[in-house]
Every structure is written in C-alpha cells, then in structure tokens.
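Take a look at the structure below.
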Amino acid sequence: MNPTPFAVDTPAKRLLFHTVRVETQLADGGAGTGTAFVVEHVHARGRTRFVVTNRHLVDDVVQGALVFPLAGGDGQPVLGSRFEVRIDEFGDAWHRHPDDTVDLAVLPLEPLLAAAQQQGATLYVEAIASDRIADAPALARLDALEEVWFVGYPSGVWDGVNALPILRRGTTATPPAVDFEGQPQFLIDAAVYPGSSGSPVFVRAADGSGLWLAGVVAAVFFREESLRLSPAPIPASTGLQATGAEMIDLGLVIKAQAVREALQDYLQRWRA
C-alpha cells in the first residue's frame with residue numbers, strides 16, 4: 001500500500017505533527033517509549049528549532065531514536081512514512097533545564113534534519129512557535145477550569161500504520177495561573193499513562209487568539225496500597241510491572257515558561 005498524502009491545513013491537524021515519538025533502550029536493558037515535541041524559538045541571532053521532552057525520559061538511556069514522518073514532494077507529510085534518527089549516547093546529547101528540579105531537556109533539531117538529509121530523507125516537522133508559549137500573564141487570563149488538549153503516545157499506543165500520535169483532552173484540575181504546591185506547575189484531570197511523558201499541553205484562549213502551549217506533562221498521581229497519594233514521574237518503560245499502586249487520572253504539568261527558560265539557557269551556554 002502506498003503512503004497516503006495528508007494536508008495539514010487546520011490547527012487540530014497541526015497538533016498531530018508537533019510531536020515526535022521517542023524510543024529508548026534503558027541502562028537496565030528495558031525499552032521505553034515517550035513523547036517529545038518541536039519548538040521554534042526566535043532570539044537575537046535568529047531562529048533555532050529544538051526538540052523538547054522530559055529530563056527523566058532521557059536519563060539512564062544508552063541508546064535512543066526520534067521518529068519523524070517524511071515530507072512529500074508537495075511539502076506535506078506522507079502518512080505511514082517514518083524515519084528514525086538514532087542517537088548513540090542518547091542521554092548525553094540533551095541539554096537539561098538549569099534547575100535540576102525541573103523535568104525538562106532540549107536538543108537542537110537542525111543536526112538531526114541534516115543527518116536525515118544526508119541519507120536522502122526530508123523530514124516533516126511542525127514546530128510550535130515560541131510566541132505561542134503561554135507566559136504568566138497568558139495563564140492569568142485563563143479560568144480555573146479550562147479544557148486542555150495533549151498529544152502523545154500513551155502506553156506506547158499510536159496509529160502504527162499511519163505513524164500518528166494520539167490526541168487526548170481533559171480539563172485543568174488546578175488553576176493554571178497558580179503554582180501548585182508552590183512550584184511552577186498545575187494539574188490536569190485527564191488519563192495520563194506511561195508514554196505520555198513529554199506530551200505538550202495546549203489550551204484555547206477565550207479571546208480567540210487560538211491554541212497556546214500551556215505546559216508539558218511530567219508526572220502522574222498514584223494511589224498507593226497505603227491509600228496515600230503521591231506524584232511520580234511517568235515511567236517510560238513499556239514493560240511495567242504491578243507495584244500495588246494505581247494511577248488516578250491526575251497529571252502534573254510543568255508550566256510552559258520553563259520550556260522558554262531551557263531554550264534560553266542553551267542559547268546562552270552554546271551561543272547557537
């Protein structure tokens with residue numbers, strides 16, 4: 001069957017191509033799947049595109065790959081096509097957020113595109129413009145209860161034939177403008193599973209200005225055998241074992257401003 005052309009001509013369709021599938025081999029021999037996404041950051045020296053994901057998704061990884069769709073001759077993505085950019089010493093390739101407590105890491109995109117081009121592959125990328133990253137004033141304009149959309153590969157699930165991620169939605173569970181537990185984060189009421197690590201979370205502004213990147217999924221709340229609730233990083237391993245804990249559909253989201261901080265720290269350090 002020939003790959004199917006697909007016109008990315010609506011905001012909802014673009015959501016499907018903001019993300020990149022992350023496939024990893026862990027130091028303990030296990031395999032993992034997670035989500036990353038692409039941001040184009042405008043700065044004093046020009047524009048730089050980055051891949052963004054969770055720090056915990058790339059730590060302790062010995063080898064990994066980022067899976068992209070291919071671009072057709074018309075500049076549109078070709079459904080069912082995929083190209084794996086394999087990265088040795090995967091964990092060392094990423095630049096971590098300068099605050100060790102912030103679960104984010106970034107990687108420049110252009111070297112990956114160049115490596116694919118050398119192999120005759122033109123990758124299709126839909127970057128999130130950095131001016132769509134919700135800052136504190138943008139979050140302050142949101143109500144306490146808002147609908148959110150997030151995109152990724154929950155439990156490793158995707159449309160493997162067409163190489164598309166899964167679109168999901170939920171609501172905010174704490175006001176996005178308020179720092180949950182005093183940290184730059186908020187909660188969403190949504191089904192968050194392993195593989196959702198690194199999923200971008202979007203909210204639609206009431207003023208009609210479209211979708212904004214509100215944050216990045218980083219952790220999920222578990223109910224433990226003792227009935228105590230605790231947040232924990234979403235495991236990337238696809239071989240999960242029962243641990244006497246169950247997820248309760250509350251996801252912890254790092255506020256999007258932290259993405260901008262990670263990008264700016266990289267640019268200051270490496271002068272990209």
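Residue numbers start at 1 in each chain; chains themselves are named A, B, ... in the order of the structure tokens; ligands are numbered from 1 in the order shown.
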
Any chance you could list, as a PyMOL selection string, the residues in segment 6-188 of chain A that come up strand (DSSP E or B) when DSSP is run on the backbone? chain A and resi 19-26+31-43+46-53+61-68+70-71+77-79+83-88+95-96+105-108+123+128-129+133+147-152+159+164+166-172+185-188

Leaving out Val148 of chain A and any residue of its chain fewer than 6 positions from it, which residues lie within 10 Å of it when counting only C-alpha atoms, given as a tab-separated table (two decimals) with all heavy atoms, in the first residue's frame?
```tsv
chain	number	residue	atom	x	y	z
A	168	ARG	N	-5.64	13.69	22.83
A	168	ARG	CA	-6.47	13.49	24.02
A	168	ARG	C	-6.88	14.85	24.57
A	168	ARG	O	-6.27	15.89	24.24
A	168	ARG	CB	-5.70	12.71	25.09
A	168	ARG	CG	-4.99	11.48	24.55
A	168	ARG	CD	-4.66	10.51	25.62
A	168	ARG	NE	-5.85	9.77	26.02
A	168	ARG	CZ	-5.85	8.84	26.97
A	168	ARG	NH1	-4.74	8.56	27.62
A	168	ARG	NH2	-6.95	8.20	27.28
A	169	ARG	N	-7.88	14.84	25.44
A	169	ARG	CA	-8.28	16.07	26.07
A	169	ARG	C	-8.74	15.81	27.49
A	169	ARG	O	-9.06	14.69	27.88
A	169	ARG	CB	-9.37	16.78	25.28
A	169	ARG	CG	-10.68	16.04	25.19
A	169	ARG	CD	-11.68	16.84	24.36
A	169	ARG	NE	-12.95	16.15	24.22
A	169	ARG	CZ	-14.00	16.64	23.56
A	169	ARG	NH1	-13.90	17.82	22.98
A	169	ARG	NH2	-15.12	15.95	23.48
A	170	GLY	N	-8.75	16.88	28.27
A	170	GLY	CA	-9.20	16.83	29.66
A	170	GLY	C	-9.49	18.24	30.10
A	170	GLY	O	-9.79	19.11	29.27
A	171	THR	N	-9.37	18.49	31.39
A	171	THR	CA	-9.57	19.83	31.92
A	171	THR	C	-8.47	20.14	32.92
A	171	THR	O	-7.80	19.23	33.44
A	171	THR	CB	-10.93	19.99	32.63
A	171	THR	OG1	-10.96	19.14	33.79
A	171	THR	CG2	-12.08	19.63	31.70
A	172	THR	N	-8.28	21.43	33.18
A	172	THR	CA	-7.40	21.79	34.28
A	172	THR	C	-8.04	21.32	35.58
A	172	THR	O	-9.25	21.34	35.74
A	172	THR	CB	-7.18	23.31	34.32
A	172	THR	OG1	-8.45	23.96	34.40
A	172	THR	CG2	-6.44	23.79	33.09
A	188	ILE	N	-3.84	18.55	35.66
A	188	ILE	CA	-4.92	18.35	34.72
A	188	ILE	C	-5.68	17.08	35.10
A	188	ILE	O	-5.10	16.12	35.62
A	188	ILE	CB	-4.43	18.25	33.26
A	188	ILE	CG1	-3.41	17.11	33.07
A	188	ILE	CG2	-3.86	19.57	32.80
A	188	ILE	CD1	-3.02	16.87	31.61
A	189	ASP	N	-6.98	17.12	34.88
A	189	ASP	CA	-7.84	15.96	35.09
A	189	ASP	C	-7.95	15.26	33.74
A	189	ASP	O	-8.71	15.66	32.87
A	189	ASP	CB	-9.22	16.42	35.57
A	189	ASP	CG	-10.16	15.26	35.86
A	189	ASP	OD1	-9.77	14.10	35.63
A	189	ASP	OD2	-11.29	15.52	36.32
A	190	ALA	N	-7.12	14.24	33.56
A	190	ALA	CA	-7.03	13.56	32.27
A	190	ALA	C	-6.36	12.21	32.47
A	190	ALA	O	-5.64	12.01	33.45
A	190	ALA	CB	-6.24	14.40	31.27
A	201	VAL	N	0.91	20.25	26.29
A	201	VAL	CA	-0.46	20.50	26.72
A	201	VAL	C	-0.88	21.88	26.21
A	201	VAL	O	-0.18	22.87	26.42
A	201	VAL	CB	-0.57	20.47	28.27
A	201	VAL	CG1	-1.99	20.79	28.72
A	201	VAL	CG2	-0.14	19.10	28.80
A	202	PHE	N	-2.02	21.92	25.53
A	202	PHE	CA	-2.50	23.15	24.91
A	202	PHE	C	-3.81	23.58	25.52
A	202	PHE	O	-4.60	22.76	25.98
A	202	PHE	CB	-2.71	22.95	23.40
A	202	PHE	CG	-1.46	22.59	22.65
A	202	PHE	CD1	-1.09	21.26	22.50
A	202	PHE	CD2	-0.66	23.57	22.09
A	202	PHE	CE1	0.06	20.91	21.81
A	202	PHE	CE2	0.49	23.24	21.40
A	202	PHE	CZ	0.85	21.91	21.26
A	203	VAL	N	-4.05	24.90	25.51
A	203	VAL	CA	-5.30	25.46	25.96
A	203	VAL	C	-5.73	26.50	24.93
A	203	VAL	O	-4.88	27.18	24.32
A	203	VAL	CB	-5.18	26.07	27.37
A	203	VAL	CG1	-4.21	27.25	27.37
A	203	VAL	CG2	-6.53	26.49	27.92
A	204	ARG	N	-7.03	26.63	24.71
A	204	ARG	CA	-7.54	27.61	23.75
A	204	ARG	C	-7.91	28.89	24.48
A	204	ARG	O	-8.68	28.87	25.44
A	204	ARG	CB	-8.76	27.06	23.01
A	204	ARG	CG	-9.23	27.95	21.88
A	204	ARG	CD	-10.48	27.39	21.21
A	204	ARG	NE	-10.27	26.06	20.68
A	204	ARG	CZ	-9.72	25.82	19.48
A	204	ARG	NH1	-9.32	26.83	18.73
A	204	ARG	NH2	-9.57	24.58	19.05
A	211	LEU	N	-4.71	28.41	19.95
A	211	LEU	CA	-4.14	27.50	20.93
A	211	LEU	C	-2.80	28.02	21.45
A	211	LEU	O	-1.99	28.55	20.69
A	211	LEU	CB	-3.94	26.11	20.31
A	211	LEU	CG	-5.21	25.32	19.95
A	211	LEU	CD1	-4.83	24.02	19.26
A	211	LEU	CD2	-6.04	25.05	21.17
A	212	TRP	N	-2.60	27.82	22.74
A	212	TRP	CA	-1.34	28.19	23.39
A	212	TRP	C	-0.73	26.96	24.04
A	212	TRP	O	-1.46	26.10	24.56
A	212	TRP	CB	-1.59	29.26	24.45
A	212	TRP	CG	-1.97	30.59	23.89
A	212	TRP	CD1	-3.19	30.96	23.42
A	212	TRP	CD2	-1.11	31.72	23.72
A	212	TRP	NE1	-3.15	32.26	22.97
A	212	TRP	CE2	-1.88	32.75	23.15
A	212	TRP	CE3	0.24	31.96	24.02
A	212	TRP	CZ2	-1.36	34.00	22.85
A	212	TRP	CZ3	0.77	33.22	23.73
A	212	TRP	CH2	-0.03	34.22	23.15
A	213	LEU	N	0.59	26.88	24.00
A	213	LEU	CA	1.28	25.83	24.76
A	213	LEU	C	1.26	26.22	26.22
A	213	LEU	O	1.89	27.21	26.63
A	213	LEU	CB	2.72	25.67	24.26
A	213	LEU	CG	3.56	24.64	25.02
A	213	LEU	CD1	3.02	23.23	24.79
A	213	LEU	CD2	5.03	24.73	24.61
A	214	ALA	N	0.51	25.47	27.03
A	214	ALA	CA	0.38	25.79	28.45
A	214	ALA	C	1.40	25.07	29.30
A	214	ALA	O	1.72	25.52	30.41
A	214	ALA	CB	-1.03	25.45	28.93
```

Quick one: residues within 6 Å of Ala256 of chain A, only C-alpha atoms counted, chain neighbours fewer than 3 positions away excluded, as a compact mmCIF listing (two decimals) with N, CA and C atoms, in the first residue's frame?
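Wrote result12.txt, looks like this:
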```txt
# COMPACT_ATOMS: atom_id res chain seq x y z
N ILE A 133 4.08 30.18 23.43
CA ILE A 133 4.32 29.65 24.77
C ILE A 133 3.64 30.58 25.78
N ALA A 214 0.51 25.47 27.03
CA ALA A 214 0.38 25.79 28.45
C ALA A 214 1.40 25.07 29.30
N GLY A 215 1.90 23.92 28.84
CA GLY A 215 2.86 23.19 29.65
C GLY A 215 3.22 21.85 29.06
N VAL A 259 9.88 25.84 29.51
CA VAL A 259 10.43 25.48 28.20
C VAL A 259 11.27 26.64 27.68
```

Interatomic distance, atom CA of Ser155 of chain A to atom CA of Pro194 of chain A (Å, one decimal):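 Spanning atom CA of Ser155 of chain A to atom CA of Pro194 of chain A is a straight-line distance of 4.8 Å.
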
Show me, as an MDAnalysis selection string, the residues that have an atom within 10 Å of Asp92 of chain A when counting only C-alpha atoms, minus same-chain residues fewer than 4 positions from it. chainID A and resid 58:62 87:88 96

Just the residues within 6 Å of Val151 of chain A, please, counting only C-alpha atoms, with nothing from its chain fewer than 6 positions along; format it as a list in words.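 My reading of the contact set: Ile166, Leu167 and Ser199 of chain A.
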
Save out the residues we just selected, N, CA, C and O atoms, as a PDB file, in the first residue's frame.
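Resulting contents of selection_17.pdb:
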```pdb
ATOM      1  N   ILE A 166      -1.586  10.046  19.384  1.00  0.00           N
ATOM      2  CA  ILE A 166      -2.957  10.030  19.899  1.00  0.00           C
ATOM      3  C   ILE A 166      -3.290  11.410  20.466  1.00  0.00           C
ATOM      4  O   ILE A 166      -2.547  11.955  21.286  1.00  0.00           O
ATOM      5  N   LEU A 167      -4.421  11.959  20.026  1.00  0.00           N
ATOM      6  CA  LEU A 167      -4.920  13.223  20.558  1.00  0.00           C
ATOM      7  C   LEU A 167      -5.829  12.940  21.748  1.00  0.00           C
ATOM      8  O   LEU A 167      -6.708  12.083  21.667  1.00  0.00           O
ATOM      9  N   SER A 199       4.498  15.025  26.754  1.00  0.00           N
ATOM     10  CA  SER A 199       3.407  15.481  25.892  1.00  0.00           C
ATOM     11  C   SER A 199       3.158  16.977  26.077  1.00  0.00           C
ATOM     12  O   SER A 199       3.020  17.447  27.203  1.00  0.00           O
TER      13      SER A 199
END
```

DSSP on the backbone: which residues in segment 64-147 of chain A end up as alpha helix (DSSP H)? Give the answer as a PDB file with all heavy atoms, in the first residue's frame.
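Written output follows (selection_16.pdb):
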```pdb
ATOM      1  N   GLU A 110      18.267  20.981  14.125  1.00  0.00           N
ATOM      2  CA  GLU A 110      18.900  21.077  12.804  1.00  0.00           C
ATOM      3  C   GLU A 110      19.906  19.958  12.524  1.00  0.00           C
ATOM      4  O   GLU A 110      19.928  19.423  11.407  1.00  0.00           O
ATOM      5  CB  GLU A 110      19.552  22.450  12.628  1.00  0.00           C
ATOM      6  CG  GLU A 110      18.592  23.615  12.761  1.00  0.00           C
ATOM      7  CD  GLU A 110      17.342  23.497  11.899  1.00  0.00           C
ATOM      8  OE1 GLU A 110      17.430  22.979  10.773  1.00  0.00           O
ATOM      9  OE2 GLU A 110      16.268  23.914  12.368  1.00  0.00           O
ATOM     10  N   PRO A 111      20.767  19.558  13.489  1.00  0.00           N
ATOM     11  CA  PRO A 111      21.681  18.443  13.187  1.00  0.00           C
ATOM     12  C   PRO A 111      20.953  17.147  12.850  1.00  0.00           C
ATOM     13  O   PRO A 111      21.439  16.343  12.047  1.00  0.00           O
ATOM     14  CB  PRO A 111      22.500  18.306  14.479  1.00  0.00           C
ATOM     15  CG  PRO A 111      22.437  19.658  15.105  1.00  0.00           C
ATOM     16  CD  PRO A 111      21.064  20.163  14.801  1.00  0.00           C
ATOM     17  N   LEU A 112      19.783  16.942  13.442  1.00  0.00           N
ATOM     18  CA  LEU A 112      19.014  15.739  13.141  1.00  0.00           C
ATOM     19  C   LEU A 112      18.458  15.800  11.728  1.00  0.00           C
ATOM     20  O   LEU A 112      18.479  14.799  10.988  1.00  0.00           O
ATOM     21  CB  LEU A 112      17.865  15.589  14.144  1.00  0.00           C
ATOM     22  CG  LEU A 112      18.221  15.668  15.633  1.00  0.00           C
ATOM     23  CD1 LEU A 112      16.979  15.437  16.487  1.00  0.00           C
ATOM     24  CD2 LEU A 112      19.303  14.660  15.984  1.00  0.00           C
ATOM     25  N   LEU A 113      17.962  16.972  11.331  1.00  0.00           N
ATOM     26  CA  LEU A 113      17.453  17.131   9.965  1.00  0.00           C
ATOM     27  C   LEU A 113      18.576  16.938   8.955  1.00  0.00           C
ATOM     28  O   LEU A 113      18.378  16.313   7.901  1.00  0.00           O
ATOM     29  CB  LEU A 113      16.834  18.520   9.799  1.00  0.00           C
ATOM     30  CG  LEU A 113      15.631  18.856  10.678  1.00  0.00           C
ATOM     31  CD1 LEU A 113      15.140  20.263  10.370  1.00  0.00           C
ATOM     32  CD2 LEU A 113      14.514  17.846  10.483  1.00  0.00           C
ATOM     33  N   ALA A 114      19.771  17.467   9.276  1.00  0.00           N
ATOM     34  CA  ALA A 114      20.908  17.336   8.364  1.00  0.00           C
ATOM     35  C   ALA A 114      21.337  15.883   8.232  1.00  0.00           C
ATOM     36  O   ALA A 114      21.653  15.411   7.130  1.00  0.00           O
ATOM     37  CB  ALA A 114      22.069  18.199   8.859  1.00  0.00           C
ATOM     38  N   ALA A 115      21.340  15.154   9.349  1.00  0.00           N
ATOM     39  CA  ALA A 115      21.720  13.738   9.303  1.00  0.00           C
ATOM     40  C   ALA A 115      20.749  12.943   8.443  1.00  0.00           C
ATOM     41  O   ALA A 115      21.153  12.067   7.662  1.00  0.00           O
ATOM     42  CB  ALA A 115      21.771  13.170  10.713  1.00  0.00           C
ATOM     43  N   ALA A 116      19.450  13.239   8.562  1.00  0.00           N
ATOM     44  CA  ALA A 116      18.455  12.560   7.730  1.00  0.00           C
ATOM     45  C   ALA A 116      18.628  12.929   6.264  1.00  0.00           C
ATOM     46  O   ALA A 116      18.527  12.070   5.378  1.00  0.00           O
ATOM     47  CB  ALA A 116      17.051  12.920   8.213  1.00  0.00           C
ATOM     48  N   GLN A 117      18.900  14.208   5.992  1.00  0.00           N
ATOM     49  CA  GLN A 117      19.070  14.668   4.610  1.00  0.00           C
ATOM     50  C   GLN A 117      20.250  13.968   3.944  1.00  0.00           C
ATOM     51  O   GLN A 117      20.203  13.648   2.741  1.00  0.00           O
ATOM     52  CB  GLN A 117      19.271  16.182   4.590  1.00  0.00           C
ATOM     53  CG  GLN A 117      19.106  16.817   3.215  1.00  0.00           C
ATOM     54  CD  GLN A 117      17.675  16.768   2.715  1.00  0.00           C
ATOM     55  OE1 GLN A 117      16.769  17.200   3.400  1.00  0.00           O
ATOM     56  NE2 GLN A 117      17.473  16.216   1.524  1.00  0.00           N
ATOM     57  N   GLN A 118      21.300  13.715   4.705  1.00  0.00           N
ATOM     58  CA  GLN A 118      22.460  13.009   4.159  1.00  0.00           C
ATOM     59  C   GLN A 118      22.110  11.599   3.725  1.00  0.00           C
ATOM     60  O   GLN A 118      22.784  11.011   2.870  1.00  0.00           O
ATOM     61  CB  GLN A 118      23.585  12.974   5.184  1.00  0.00           C
ATOM     62  CG  GLN A 118      24.246  14.318   5.417  1.00  0.00           C
ATOM     63  CD  GLN A 118      25.300  14.266   6.497  1.00  0.00           C
ATOM     64  OE1 GLN A 118      25.505  13.231   7.153  1.00  0.00           O
ATOM     65  NE2 GLN A 118      25.997  15.381   6.710  1.00  0.00           N
ATOM     66  N   ALA A 136       3.283  33.970  32.184  1.00  0.00           N
ATOM     67  CA  ALA A 136       2.447  34.176  33.369  1.00  0.00           C
ATOM     68  C   ALA A 136       1.211  35.029  33.076  1.00  0.00           C
ATOM     69  O   ALA A 136       0.104  34.680  33.510  1.00  0.00           O
ATOM     70  CB  ALA A 136       3.279  34.784  34.494  1.00  0.00           C
ATOM     71  N   PRO A 137       1.324  36.141  32.325  1.00  0.00           N
ATOM     72  CA  PRO A 137       0.119  36.915  32.017  1.00  0.00           C
ATOM     73  C   PRO A 137      -0.901  36.121  31.208  1.00  0.00           C
ATOM     74  O   PRO A 137      -2.114  36.252  31.422  1.00  0.00           O
ATOM     75  CB  PRO A 137       0.656  38.113  31.233  1.00  0.00           C
ATOM     76  CG  PRO A 137       2.073  38.271  31.705  1.00  0.00           C
ATOM     77  CD  PRO A 137       2.548  36.871  31.922  1.00  0.00           C
ATOM     78  N   ALA A 138      -0.423  35.289  30.277  1.00  0.00           N
ATOM     79  CA  ALA A 138      -1.355  34.471  29.475  1.00  0.00           C
ATOM     80  C   ALA A 138      -2.079  33.467  30.358  1.00  0.00           C
ATOM     81  O   ALA A 138      -3.295  33.261  30.211  1.00  0.00           O
ATOM     82  CB  ALA A 138      -0.599  33.764  28.358  1.00  0.00           C
ATOM     83  N   LEU A 139      -1.366  32.835  31.277  1.00  0.00           N
ATOM     84  CA  LEU A 139      -2.012  31.882  32.182  1.00  0.00           C
ATOM     85  C   LEU A 139      -2.985  32.585  33.120  1.00  0.00           C
ATOM     86  O   LEU A 139      -4.022  32.026  33.496  1.00  0.00           O
ATOM     87  CB  LEU A 139      -0.960  31.121  32.984  1.00  0.00           C
ATOM     88  CG  LEU A 139      -0.052  30.161  32.199  1.00  0.00           C
ATOM     89  CD1 LEU A 139       0.926  29.469  33.142  1.00  0.00           C
ATOM     90  CD2 LEU A 139      -0.857  29.127  31.421  1.00  0.00           C
ATOM     91  N   ALA A 140      -2.655  33.827  33.490  1.00  0.00           N
ATOM     92  CA  ALA A 140      -3.519  34.566  34.401  1.00  0.00           C
ATOM     93  C   ALA A 140      -4.872  34.890  33.762  1.00  0.00           C
ATOM     94  O   ALA A 140      -5.863  35.101  34.472  1.00  0.00           O
ATOM     95  CB  ALA A 140      -2.836  35.858  34.853  1.00  0.00           C
TER      96      ALA A 140
END
```

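Reported to one decimal place, the separation of atom CA of Glu40 of chain A from atom CA of Ala127 of chain A is 5.6 Å.
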
Which residue out of A:Leu252, A:Val42, A:Ala105, A:Ile128 has the minimum interatomic distance to Val192 of chain A when only C-alpha atoms are used? A:Leu252

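Among the candidates A:Tyr266, A:Phe90, A:Phe221, A:Phe37, the residue lying nearest to Val125 of chain A is A:Phe37 (atoms considered: only C-alpha atoms).
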
Residue neighbourhood segment 4-18 of chain A, 10 Å, only C-alpha atoms, exclusion window fewer than 4 positions, as a PyMOL selection string: chain A and resi 36-39+51+68-69+71-81+124-128+149-152+162-167+199-200+202+210-211
